[in-house]
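Student: File run_33.tsv below, TSV, C-alpha atoms:
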chain	number	residue	atom	x	y	z
A	1	MET	CA	10.86	36.53	18.22
A	2	PRO	CA	9.62	35.59	14.73
A	3	ASP	CA	9.55	38.36	12.13
A	4	SER	CA	6.22	40.07	11.57
A	5	PRO	CA	4.52	39.00	8.34
A	6	LYS	CA	5.24	41.30	5.43
A	7	PRO	CA	2.15	43.43	4.53
A	8	SER	CA	0.42	42.47	1.30
A	9	ASN	CA	0.80	44.75	-1.71
A	10	ILE	CA	-2.40	45.80	-3.47
A	11	LEU	CA	-2.57	47.62	-6.80
A	12	ILE	CA	-5.65	49.81	-7.39
A	13	VAL	CA	-6.37	50.72	-11.01
A	14	ASP	CA	-9.02	53.42	-11.43
A	15	ASP	CA	-9.20	56.59	-13.55
A	16	VAL	CA	-11.26	58.46	-10.92
A	17	PRO	CA	-8.93	60.16	-8.39
A	18	THR	CA	-11.60	60.26	-5.66
A	19	ASN	CA	-12.09	56.48	-5.84
A	20	LEU	CA	-8.34	55.95	-5.71
A	21	THR	CA	-7.88	58.21	-2.69
A	22	ILE	CA	-10.72	56.73	-0.63
A	23	LEU	CA	-9.96	53.10	-1.41
A	24	ALA	CA	-6.20	53.53	-0.96
A	25	GLN	CA	-6.63	55.14	2.45
A	26	THR	CA	-9.09	52.43	3.56
A	27	LEU	CA	-6.60	49.71	2.66
A	28	ARG	CA	-3.61	51.51	4.18
A	29	ASP	CA	-5.53	51.87	7.44
A	30	GLN	CA	-5.71	48.07	7.50
A	31	GLY	CA	-1.95	47.74	7.12
A	32	PHE	CA	-1.78	47.04	3.40
A	33	THR	CA	0.84	48.52	1.09
A	34	VAL	CA	-1.03	50.25	-1.71
A	35	TRP	CA	0.07	51.06	-5.26
A	36	VAL	CA	-2.13	53.10	-7.62
A	37	ALA	CA	-2.49	53.50	-11.37
A	38	THR	CA	-4.98	55.62	-13.34
A	39	SER	CA	-5.12	53.49	-16.52
A	40	GLY	CA	-4.60	50.00	-17.81
A	41	ASN	CA	-1.39	50.98	-19.62
A	42	ALA	CA	-0.03	52.67	-16.49
A	43	ALA	CA	-0.80	49.54	-14.46
A	44	LEU	CA	1.03	47.27	-16.92
A	45	LYS	CA	4.06	49.55	-16.89
A	46	GLN	CA	4.08	49.54	-13.10
A	47	LEU	CA	3.97	45.75	-13.04
A	48	ALA	CA	7.25	45.69	-14.96
A	49	HIS	CA	8.96	46.92	-11.74
A	50	GLY	CA	7.17	44.74	-9.17
A	51	LEU	CA	4.25	42.40	-8.67
A	52	PRO	CA	1.41	43.01	-6.21
A	53	ASP	CA	-0.42	40.33	-4.25
A	54	LEU	CA	-3.84	41.45	-5.51
A	55	ILE	CA	-5.26	43.90	-8.06
A	56	LEU	CA	-8.46	45.96	-7.73
A	57	LEU	CA	-9.37	46.86	-11.31
A	58	ASP	CA	-11.96	49.29	-12.60
A	59	ILE	CA	-13.68	48.27	-15.84
A	60	GLN	CA	-14.72	51.60	-17.34
A	61	MET	CA	-11.51	53.45	-18.15
A	62	PRO	CA	-10.45	55.43	-21.24
A	63	GLY	CA	-8.01	53.78	-23.61
A	64	MET	CA	-7.44	50.24	-22.42
A	65	ASN	CA	-10.42	49.29	-20.29
A	66	GLY	CA	-10.40	46.92	-17.34
A	67	LEU	CA	-11.50	43.87	-19.35
A	68	GLU	CA	-8.67	44.34	-21.85
A	69	THR	CA	-6.21	44.94	-19.02
A	70	CYS	CA	-7.31	41.73	-17.26
A	71	ALA	CA	-6.93	39.76	-20.49
A	72	LYS	CA	-3.33	40.96	-20.82
A	73	LEU	CA	-2.60	40.13	-17.19
A	74	LYS	CA	-3.87	36.57	-17.59
A	75	ALA	CA	-1.89	36.10	-20.81
A	76	ASP	CA	1.40	36.95	-19.09
A	77	LEU	CA	3.15	34.15	-17.15
A	78	ARG	CA	4.48	36.71	-14.66
A	79	THR	CA	1.06	38.08	-13.73
A	80	GLN	CA	-1.46	35.37	-14.61
A	81	ASP	CA	-1.72	34.06	-11.04
A	82	ILE	CA	-2.29	37.45	-9.37
A	83	PRO	CA	-5.92	37.59	-8.19
A	84	VAL	CA	-7.94	40.34	-9.90
A	85	ILE	CA	-11.12	41.82	-8.38
A	86	PHE	CA	-13.19	43.93	-10.76
A	87	MET	CA	-14.80	47.07	-9.35
A	88	SER	CA	-17.40	48.62	-11.62
A	89	ALA	CA	-20.67	50.53	-11.77
A	90	LEU	CA	-21.76	48.02	-14.41
A	91	SER	CA	-24.05	45.76	-12.43
A	92	GLU	CA	-25.60	43.65	-15.18
A	93	GLN	CA	-25.08	39.90	-14.82
A	94	SER	CA	-23.56	39.73	-18.30
A	95	ASN	CA	-20.83	42.18	-17.23
A	96	LYS	CA	-20.02	40.08	-14.18
A	97	VAL	CA	-19.95	36.87	-16.21
A	98	GLU	CA	-17.64	38.44	-18.79
A	99	GLY	CA	-15.30	39.72	-16.10
A	100	LEU	CA	-15.12	36.40	-14.29
A	101	SER	CA	-14.68	34.47	-17.54
A	102	LEU	CA	-11.51	36.48	-18.19
A	103	GLY	CA	-10.00	35.04	-14.99
A	104	ALA	CA	-11.02	37.54	-12.31
A	105	VAL	CA	-11.69	36.04	-8.89
A	106	ASP	CA	-14.44	38.46	-7.84
A	107	TYR	CA	-16.63	41.37	-8.92
A	108	ILE	CA	-17.65	44.29	-6.68
A	109	THR	CA	-20.33	46.70	-7.80
A	110	LYS	CA	-19.88	50.46	-7.28
A	111	PRO	CA	-20.67	52.34	-5.16
A	112	PHE	CA	-18.76	49.99	-2.92
A	113	GLN	CA	-19.01	49.44	0.81
A	114	GLU	CA	-15.63	49.64	2.53
A	115	ALA	CA	-16.40	46.69	4.81
A	116	GLU	CA	-17.35	44.54	1.83
A	117	VAL	CA	-14.21	45.49	-0.08
A	118	LEU	CA	-12.01	44.72	2.92
A	119	ALA	CA	-13.74	41.41	3.53
A	120	ARG	CA	-13.34	40.26	-0.08
A	121	VAL	CA	-9.77	41.48	-0.30
A	122	LYS	CA	-8.81	39.57	2.85
A	123	VAL	CA	-10.57	36.40	1.65
A	124	HIS	CA	-8.78	36.39	-1.69
A	125	LEU	CA	-5.41	37.23	-0.15
A	126	SER	CA	-5.90	34.31	2.24
A	127	ILE	CA	-6.78	32.02	-0.67
A	128	ARG	CA	-3.70	33.22	-2.57
A	129	GLU	CA	-1.48	32.58	0.44
A	130	LEU	CA	-2.93	29.10	0.91
A	131	THR	CA	-2.46	28.38	-2.79
A	132	GLN	CA	1.15	29.56	-2.71
A	133	ASN	CA	1.86	27.52	0.41
A	134	LEU	CA	0.32	24.47	-1.21
A	135	GLN	CA	2.39	25.02	-4.34
A	136	ARG	CA	5.54	25.31	-2.23
A	137	GLU	CA	4.63	22.11	-0.43
A	138	ILE	CA	4.06	20.35	-3.75
A	139	GLU	CA	7.41	21.58	-5.08
A	140	GLU	CA	9.15	20.55	-1.86
A	141	ARG	CA	7.52	17.15	-2.03
A	142	LYS	CA	8.64	16.76	-5.64
A	143	ARG	CA	12.17	17.73	-4.61
A	144	VAL	CA	12.16	15.25	-1.73
A	145	GLU	CA	10.70	12.53	-3.97
A	146	ALA	CA	13.40	13.21	-6.57
A	147	GLU	CA	16.09	12.95	-3.89
A	148	LEU	CA	14.53	9.75	-2.57
A	149	ALA	CA	14.41	8.30	-6.06
A	150	LYS	CA	18.08	9.20	-6.52
A	151	ALA	CA	18.95	7.69	-3.13
A	152	ASN	CA	16.97	4.54	-3.92
A	153	ALA	CA	18.76	4.22	-7.25
A	154	SER	CA	22.08	4.52	-5.43
A	155	LEU	CA	21.01	1.94	-2.85
A	156	HIS	CA	19.82	-0.38	-5.63
A	157	ARG	CA	23.17	0.03	-7.35
A	158	LEU	CA	25.06	-0.62	-4.12
A	159	ALA	CA	22.93	-3.71	-3.52
A	160	HIS	CA	23.39	-5.14	-7.02
A	161	ILE	CA	26.77	-3.90	-8.29
A	162	ASP	CA	30.19	-5.08	-7.16
A	163	GLY	CA	32.01	-2.05	-5.82
A	164	LEU	CA	35.44	-3.00	-7.19
A	165	THR	CA	34.70	-4.26	-10.68
A	166	GLN	CA	31.38	-2.46	-11.34
A	167	VAL	CA	29.78	-5.62	-12.74
A	168	ALA	CA	26.86	-7.36	-11.06
A	169	ASN	CA	27.54	-8.79	-7.62
A	170	ARG	CA	26.77	-12.24	-6.23
A	171	TYR	CA	23.40	-11.12	-4.87
A	172	ARG	CA	22.34	-9.90	-8.32
A	173	PHE	CA	23.62	-13.13	-9.86
A	174	ASP	CA	21.53	-15.26	-7.50
A	175	GLN	CA	18.41	-13.16	-8.14
A	176	ASP	CA	18.76	-13.20	-11.93
A	177	MET	CA	19.55	-16.90	-12.06
A	178	GLU	CA	16.34	-17.75	-10.19
A	179	GLN	CA	14.26	-15.70	-12.61
A	180	VAL	CA	16.03	-16.95	-15.72
A	181	TRP	CA	15.79	-20.57	-14.57
A	182	ARG	CA	12.02	-20.35	-14.08
A	183	ARG	CA	11.48	-18.57	-17.40
A	184	LEU	CA	13.56	-20.99	-19.46
A	185	GLN	CA	12.02	-23.98	-17.68
A	186	ARG	CA	8.63	-22.68	-18.76
A	187	ASP	CA	9.80	-21.95	-22.32
A	188	HIS	CA	11.88	-25.17	-22.69
A	189	GLU	CA	14.93	-23.17	-23.81
A	190	PRO	CA	18.60	-23.79	-23.01
A	191	LEU	CA	20.57	-21.97	-20.33
A	192	SER	CA	24.35	-21.75	-20.39
A	193	LEU	CA	26.51	-20.70	-17.46
A	194	ILE	CA	30.21	-19.86	-17.54
A	195	LEU	CA	32.38	-19.70	-14.45
A	196	CYS	CA	35.88	-18.31	-14.99
A	197	ASP	CA	38.82	-17.92	-12.68
A	198	VAL	CA	41.96	-15.79	-13.06
A	199	ASP	CA	44.84	-18.26	-13.23
A	200	TYR	CA	47.28	-18.11	-10.29
A	201	PHE	CA	45.78	-14.85	-9.04
A	202	LYS	CA	47.05	-15.32	-5.47
A	203	LEU	CA	50.61	-15.40	-6.78
A	204	PHE	CA	49.85	-12.27	-8.84
A	205	ASN	CA	48.50	-10.46	-5.78
A	206	ASP	CA	51.37	-11.54	-3.57
A	207	HIS	CA	54.00	-10.39	-6.08
A	208	TYR	CA	52.49	-7.19	-7.53
A	209	GLY	CA	50.42	-6.03	-4.53
A	210	HIS	CA	46.73	-5.75	-3.83
A	211	GLN	CA	46.27	-2.41	-5.57
A	212	VAL	CA	47.64	-3.83	-8.80
A	213	GLY	CA	45.54	-6.92	-8.19
A	214	ASP	CA	42.40	-4.83	-7.82
A	215	ASP	CA	43.19	-2.98	-11.04
A	216	CYS	CA	43.74	-6.32	-12.76
A	217	LEU	CA	40.29	-7.54	-11.67
A	218	ARG	CA	38.71	-4.33	-12.95
A	219	GLN	CA	40.35	-4.80	-16.34
A	220	VAL	CA	39.34	-8.47	-16.47
A	221	ALA	CA	35.72	-7.62	-15.65
A	222	LEU	CA	35.63	-4.98	-18.40
A	223	ALA	CA	37.19	-7.37	-20.89
A	224	ILE	CA	34.57	-10.02	-20.09
A	225	GLN	CA	31.80	-7.48	-20.52
A	226	LYS	CA	33.17	-6.54	-23.93
A	227	ALA	CA	32.92	-10.18	-24.99
A	228	VAL	CA	29.29	-10.49	-23.87
A	229	HIS	CA	27.02	-8.57	-26.22
A	230	ARG	CA	23.35	-9.39	-25.60
A	231	PRO	CA	21.30	-7.23	-23.20
A	232	ASP	CA	19.86	-10.28	-21.40
A	233	ASP	CA	23.29	-11.78	-20.69
A	234	LEU	CA	24.75	-11.08	-17.26
A	235	VAL	CA	28.36	-10.70	-16.12
A	236	ALA	CA	28.80	-10.97	-12.36
A	237	ARG	CA	31.64	-11.17	-9.89
A	238	TYR	CA	31.03	-14.58	-8.37
A	239	GLY	CA	33.65	-14.25	-5.64
A	240	GLY	CA	37.28	-13.17	-5.28
A	241	GLU	CA	38.89	-13.57	-8.70
A	242	GLU	CA	36.01	-15.65	-10.07
A	243	PHE	CA	33.39	-14.34	-12.51
A	244	ALA	CA	30.12	-15.79	-13.76
A	245	ILE	CA	28.42	-15.21	-17.10
A	246	VAL	CA	24.74	-16.09	-17.44
A	247	LEU	CA	23.66	-16.77	-21.02
A	248	PRO	CA	19.88	-17.29	-21.33
A	249	SER	CA	18.53	-19.06	-24.43
A	250	THR	CA	22.08	-20.00	-25.45
A	251	HIS	CA	23.00	-23.38	-26.89
A	252	ALA	CA	26.34	-25.11	-26.33
A	253	GLN	CA	27.95	-23.73	-29.48
A	254	GLY	CA	26.98	-20.16	-28.61
A	255	ALA	CA	28.36	-20.52	-25.10
A	256	GLU	CA	31.68	-21.77	-26.45
A	257	GLN	CA	31.86	-18.80	-28.82
A	258	VAL	CA	31.39	-16.47	-25.85
A	259	ALA	CA	34.11	-18.35	-23.94
A	260	LEU	CA	36.54	-17.98	-26.86
A	261	GLY	CA	35.68	-14.30	-27.06
A	262	ILE	CA	36.44	-13.86	-23.36
A	263	LEU	CA	39.80	-15.62	-23.67
A	264	SER	CA	40.64	-13.43	-26.67
A	265	LYS	CA	39.76	-10.20	-24.83
A	266	ILE	CA	41.82	-11.27	-21.82
A	267	ALA	CA	44.79	-11.99	-24.10
A	268	GLU	CA	44.45	-8.50	-25.59
A	269	LEU	CA	44.90	-7.00	-22.11
A	270	ASN	CA	48.48	-8.34	-22.07
A	271	ILE	CA	48.75	-7.92	-18.31
A	272	PRO	CA	52.15	-9.29	-17.18
A	273	HIS	CA	52.12	-12.24	-14.76
A	274	GLU	CA	55.68	-13.31	-14.06
A	275	PHE	CA	54.69	-16.09	-11.66
A	276	SER	CA	52.15	-17.86	-13.87
A	277	THR	CA	53.18	-21.28	-15.13
A	278	VAL	CA	50.72	-21.00	-18.01
A	279	SER	CA	51.67	-17.75	-19.70
A	280	PRO	CA	53.73	-14.62	-19.03
A	281	GLN	CA	50.43	-12.73	-19.09
A	282	ILE	CA	47.20	-12.98	-17.12
A	283	THR	CA	44.95	-15.81	-18.33
A	284	LEU	CA	41.61	-17.34	-17.38
A	285	SER	CA	40.28	-20.86	-16.98
A	286	LEU	CA	36.63	-21.32	-17.85
A	287	GLY	CA	34.01	-23.91	-17.03
A	288	ILE	CA	30.79	-24.05	-19.05
A	289	ALA	CA	27.57	-25.96	-18.49
A	290	THR	CA	24.53	-25.96	-20.77
A	291	VAL	CA	21.17	-27.39	-19.70
A	292	ILE	CA	17.53	-27.16	-20.61
A	293	PRO	CA	16.01	-26.45	-17.17
A	294	LYS	CA	13.62	-29.12	-15.95
A	295	SER	CA	11.54	-29.50	-12.84
A	296	GLU	CA	13.65	-32.40	-11.56
A	297	GLN	CA	16.79	-30.26	-11.77
A	298	SER	CA	17.88	-27.26	-9.74
A	299	LEU	CA	20.14	-24.26	-10.08
A	300	ASP	CA	22.56	-25.91	-7.71
A	301	ASP	CA	22.89	-28.79	-10.18
A	302	LEU	CA	23.82	-26.35	-12.96
A	303	ILE	CA	26.35	-24.51	-10.79
A	304	GLU	CA	27.89	-27.80	-9.68
A	305	LEU	CA	28.28	-28.96	-13.28
A	306	THR	CA	29.86	-25.63	-14.25
A	307	ASP	CA	32.20	-25.76	-11.29
A	308	LYS	CA	33.30	-29.28	-12.23
A	309	ALA	CA	33.96	-28.11	-15.80
A	310	LEU	CA	36.07	-25.22	-14.44
A	311	TYR	CA	38.05	-27.64	-12.28
A	312	ARG	CA	38.63	-29.84	-15.30
A	313	ALA	CA	39.84	-26.82	-17.33
A	314	LYS	CA	42.45	-26.20	-14.66
A	315	GLU	CA	43.49	-29.85	-14.80
A	316	GLU	CA	43.83	-29.53	-18.58
A	317	GLY	CA	46.46	-26.83	-18.15
A	318	ARG	CA	44.45	-23.61	-17.63
A	319	ASN	CA	44.01	-20.76	-20.14
A	320	THR	CA	41.27	-22.89	-21.68
A	321	TYR	CA	37.66	-23.97	-21.23
A	322	CYS	CA	35.83	-27.21	-20.60
A	323	HIS	CA	32.16	-27.63	-21.37
A	324	HIS	CA	29.60	-29.86	-19.68
A	325	ASP	CA	26.77	-30.06	-22.23
A	326	CYS	CA	23.63	-31.55	-20.70
A	327	SER	CA	21.32	-30.18	-23.38
A	328	GLN	CA	22.23	-33.18	-25.54
A	329	SER	CA	21.48	-36.84	-24.97
A	330	PRO	CA	23.63	-38.33	-23.65
A	331	PRO	CA	25.36	-35.45	-21.79
A	332	PHE	CA	29.10	-35.11	-22.39
A	333	LEU	CA	32.10	-33.13	-21.18
A	334	SER	CA	34.48	-31.68	-23.75
A	335	CYS	CA	37.53	-29.44	-23.51
A	336	SER	CA	39.24	-27.18	-26.00
A	337	PRO	CA	42.91	-27.74	-26.89
A	338	SER	CA	45.00	-26.86	-23.85
A	339	PRO	CA	46.27	-24.33	-23.30
A	340	LEU	CA	44.81	-21.92	-25.89
A	341	SER	CA	47.08	-19.54	-27.74
A	342	LEU	CA	45.12	-16.45	-28.73
A	343	HIS	CA	47.86	-13.87	-29.21
Give the structure from the file, written as structure tokens.
Tutor:
Amino acid sequence: MPDSPKPSNILIVDDVPTNLTILAQTLRDQGFTVWVATSGNAALKQLAHGLPDLILLDIQMPGMNGLETCAKLKADLRTQDIPVIFMSALSEQSNKVEGLSLGAVDYITKPFQEAEVLARVKVHLSIRELTQNLQREIEERKRVEAELAKANASLHRLAHIDGLTQVANRYRFDQDMEQVWRRLQRDHEPLSLILCDVDYFKLFNDHYGHQVGDDCLRQVALAIQKAVHRPDDLVARYGGEEFAIVLPSTHAQGAEQVALGILSKIAELNIPHEFSTVSPQITLSLGIATVIPKSEQSLDDLIELTDKALYRAKEEGRNTYCHHDCSQSPPFLSCSPSPLSLH
């Protein structure tokens, strides 16, 4: 069986003992837990040890009166949300307005009727409970929304980041390329693409093992990222041991500078590769293509040109780059000295 609801705690503040006794007994008969205080100061001291669900507060008291007591309650973060009902023989409208303006929820005029007091107490306790429940629901919703946002961020990361190398994945590459192509076509600006391949990586994997191969790819990806500095540039794992670098608004010369920077960073890794015929360390071959996107062209054309440049770099001896520059008229393919020595 579910637990019975905990009885509400009510604090009565009144300097007249008869009023306290009658009102306290009336409320206890209805199942409420009742606390009493005979002054504003006594009430504030009592609140330091526990908080009631509702306060019945007399206005006319010696020392700190009810209005001053209410003002202190509403100024304290611990007690400002506790509903206060004034009980007073002062029946003028101005007294009621002043009491309510201080933050009280109700005003009962003495001599009071027990039925009226009970009815108002129950109404305001119900309102408080509904308010607290709503606040809990809001906080729970905020918590759930925060967890959903965190989960969505994780899903977005999983969908766009390569799990091994932690650079963008092929899906992210395809998405970004579409957007960049349309933007640069509209702005008549150049787009450069680099495709790079780890030289003789299958032999590396076969000899050193897949775990070492995975670590090698992670280091290569990080080295490429270090060579690519602009926020709009994108480094992605294109597939296997192949990486792509998207360079928006980048002319041929700028793309070649990035390629040289990549080769230099890879050389700095100094990862041994005993079975490479190019170098005793890991190296890359790079293909570059630069175009000014036009309506009669497509992304596939750019990728094909870049892939052909990469193939040519391998033919030239690897550890080098070849560049298919279609931003000039006429287009031309050029290759750096082969192979490059960057140590």
Student: Could you tell me how far atom CA of Phe275 of chain A lies from atom CA of His210 of chain A, in Å and to one decimal?
Tutor: 15.2 Å
Student: Contacts of Asn270 of chain A at 7 Å or less, counting only C-alpha atoms, minus same-chain residues fewer than 2 places along, as a PyMOL selection string?
Tutor: chain A and resi 267-268+272+281-282
Student: Sorted by chain and rising residue number, list the residues of segment 151-208 of chain A at most 7 Å from segment 309-329 of chain A (counting only C-alpha atoms), each with its closest atom pair and distance in Å to one decimal, as a tab-separated table.
Tutor:
residue	atom	partner	partner_atom	distance
A:Pro190	CA	A:Ser327	CA	7.0
A:Leu195	CA	A:Leu310	CA	6.6
A:Cys196	CA	A:Leu310	CA	6.9
A:Asp199	CA	A:Arg318	CA	6.9
Student: So which residues fall inside 12 Å of (-17.1, 49.1, -2.9) if we count all atoms listed in the file? Mind giving them as a PyMOL selection string?
Tutor: chain A and resi 19-20+22-24+26-27+56-58+85-89+107-121
Student: What separation in Å, quoted to one decimal, exists between atom CA of Ser285 of chain A and atom CA of Asp197 of chain A?
Tutor: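 Between atom CA of Ser285 of chain A and atom CA of Asp197 of chain A the gap is 5.4 Å.
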Student: Got a sec: who's within 8 Å of Cys70 of chain A, counting only C-alpha atoms, leaving out chain neighbours fewer than 5 positions off, as a count of residues only?
Tutor: 4
Student: I'd like the interatomic distance between atom CA of Ile271 of chain A and atom CA of Ile224 of chain A, to a tenth of an Å.
Tutor: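 Straight-line distance from atom CA of Ile271 of chain A to atom CA of Ile224 of chain A works out to 14.4 Å.
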Student: Residues within 12 Å of (7.3, 46.0, -9.5), file coordinates, counting only C-alpha atoms: what are they? Give the list as a PyMOL selection string.
Tutor: chain A and resi 9-11+35-36+43-53+78-79
Student: Give me segment 217-237 of chain A with N, CA and C atoms filled in, as a PDB file, in the frame of the given file.
Tutor:
ATOM      1  N   LEU A 217      41.661  -7.024 -11.690  1.00  0.00           N
ATOM      2  CA  LEU A 217      40.290  -7.540 -11.670  1.00  0.00           C
ATOM      3  C   LEU A 217      39.331  -6.594 -12.393  1.00  0.00           C
ATOM      4  N   ARG A 218      39.566  -5.293 -12.233  1.00  0.00           N
ATOM      5  CA  ARG A 218      38.710  -4.330 -12.950  1.00  0.00           C
ATOM      6  C   ARG A 218      38.877  -4.488 -14.457  1.00  0.00           C
ATOM      7  N   GLN A 219      40.104  -4.646 -14.901  1.00  0.00           N
ATOM      8  CA  GLN A 219      40.350  -4.800 -16.340  1.00  0.00           C
ATOM      9  C   GLN A 219      39.765  -6.122 -16.858  1.00  0.00           C
ATOM     10  N   VAL A 220      39.897  -7.163 -16.071  1.00  0.00           N
ATOM     11  CA  VAL A 220      39.340  -8.470 -16.470  1.00  0.00           C
ATOM     12  C   VAL A 220      37.824  -8.378 -16.588  1.00  0.00           C
ATOM     13  N   ALA A 221      37.180  -7.744 -15.618  1.00  0.00           N
ATOM     14  CA  ALA A 221      35.720  -7.620 -15.650  1.00  0.00           C
ATOM     15  C   ALA A 221      35.272  -6.855 -16.890  1.00  0.00           C
ATOM     16  N   LEU A 222      35.991  -5.767 -17.218  1.00  0.00           N
ATOM     17  CA  LEU A 222      35.630  -4.980 -18.400  1.00  0.00           C
ATOM     18  C   LEU A 222      35.845  -5.784 -19.672  1.00  0.00           C
ATOM     19  N   ALA A 223      36.919  -6.546 -19.712  1.00  0.00           N
ATOM     20  CA  ALA A 223      37.190  -7.370 -20.890  1.00  0.00           C
ATOM     21  C   ALA A 223      36.098  -8.421 -21.085  1.00  0.00           C
ATOM     22  N   ILE A 224      35.653  -9.034 -19.996  1.00  0.00           N
ATOM     23  CA  ILE A 224      34.570 -10.020 -20.090  1.00  0.00           C
ATOM     24  C   ILE A 224      33.298  -9.364 -20.597  1.00  0.00           C
ATOM     25  N   GLN A 225      33.003  -8.185 -20.073  1.00  0.00           N
ATOM     26  CA  GLN A 225      31.800  -7.480 -20.520  1.00  0.00           C
ATOM     27  C   GLN A 225      31.853  -7.180 -22.014  1.00  0.00           C
ATOM     28  N   LYS A 226      33.032  -6.836 -22.506  1.00  0.00           N
ATOM     29  CA  LYS A 226      33.170  -6.540 -23.930  1.00  0.00           C
ATOM     30  C   LYS A 226      32.926  -7.762 -24.807  1.00  0.00           C
ATOM     31  N   ALA A 227      33.119  -8.934 -24.228  1.00  0.00           N
ATOM     32  CA  ALA A 227      32.920 -10.180 -24.990  1.00  0.00           C
ATOM     33  C   ALA A 227      31.484 -10.676 -24.909  1.00  0.00           C
ATOM     34  N   VAL A 228      30.674 -10.069 -24.072  1.00  0.00           N
ATOM     35  CA  VAL A 228      29.290 -10.490 -23.870  1.00  0.00           C
ATOM     36  C   VAL A 228      28.391  -9.375 -24.399  1.00  0.00           C
ATOM     37  N   HIS A 229      27.660  -9.654 -25.460  1.00  0.00           N
ATOM     38  CA  HIS A 229      27.020  -8.570 -26.220  1.00  0.00           C
ATOM     39  C   HIS A 229      25.517  -8.424 -26.003  1.00  0.00           C
ATOM     40  N   ARG A 230      24.812  -9.481 -25.639  1.00  0.00           N
ATOM     41  CA  ARG A 230      23.350  -9.390 -25.600  1.00  0.00           C
ATOM     42  C   ARG A 230      22.877  -8.727 -24.303  1.00  0.00           C
ATOM     43  N   PRO A 231      21.801  -7.926 -24.395  1.00  0.00           N
ATOM     44  CA  PRO A 231      21.300  -7.230 -23.200  1.00  0.00           C
ATOM     45  C   PRO A 231      20.869  -8.173 -22.077  1.00  0.00           C
ATOM     46  N   ASP A 232      20.355  -9.353 -22.418  1.00  0.00           N
ATOM     47  CA  ASP A 232      19.860 -10.280 -21.400  1.00  0.00           C
ATOM     48  C   ASP A 232      20.969 -11.075 -20.721  1.00  0.00           C
ATOM     49  N   ASP A 233      22.174 -11.074 -21.304  1.00  0.00           N
ATOM     50  CA  ASP A 233      23.290 -11.780 -20.690  1.00  0.00           C
ATOM     51  C   ASP A 233      23.779 -11.004 -19.467  1.00  0.00           C
ATOM     52  N   LEU A 234      24.317 -11.720 -18.505  1.00  0.00           N
ATOM     53  CA  LEU A 234      24.750 -11.080 -17.260  1.00  0.00           C
ATOM     54  C   LEU A 234      26.180 -11.479 -16.929  1.00  0.00           C
ATOM     55  N   VAL A 235      27.004 -10.473 -16.631  1.00  0.00           N
ATOM     56  CA  VAL A 235      28.360 -10.700 -16.120  1.00  0.00           C
ATOM     57  C   VAL A 235      28.357 -10.314 -14.648  1.00  0.00           C
ATOM     58  N   ALA A 236      28.816 -11.232 -13.799  1.00  0.00           N
ATOM     59  CA  ALA A 236      28.800 -10.970 -12.360  1.00  0.00           C
ATOM     60  C   ALA A 236      30.126 -11.414 -11.742  1.00  0.00           C
ATOM     61  N   ARG A 237      30.494 -10.708 -10.679  1.00  0.00           N
ATOM     62  CA  ARG A 237      31.640 -11.170  -9.890  1.00  0.00           C
ATOM     63  C   ARG A 237      31.110 -12.219  -8.928  1.00  0.00           C
TER      64      ARG A 237
END
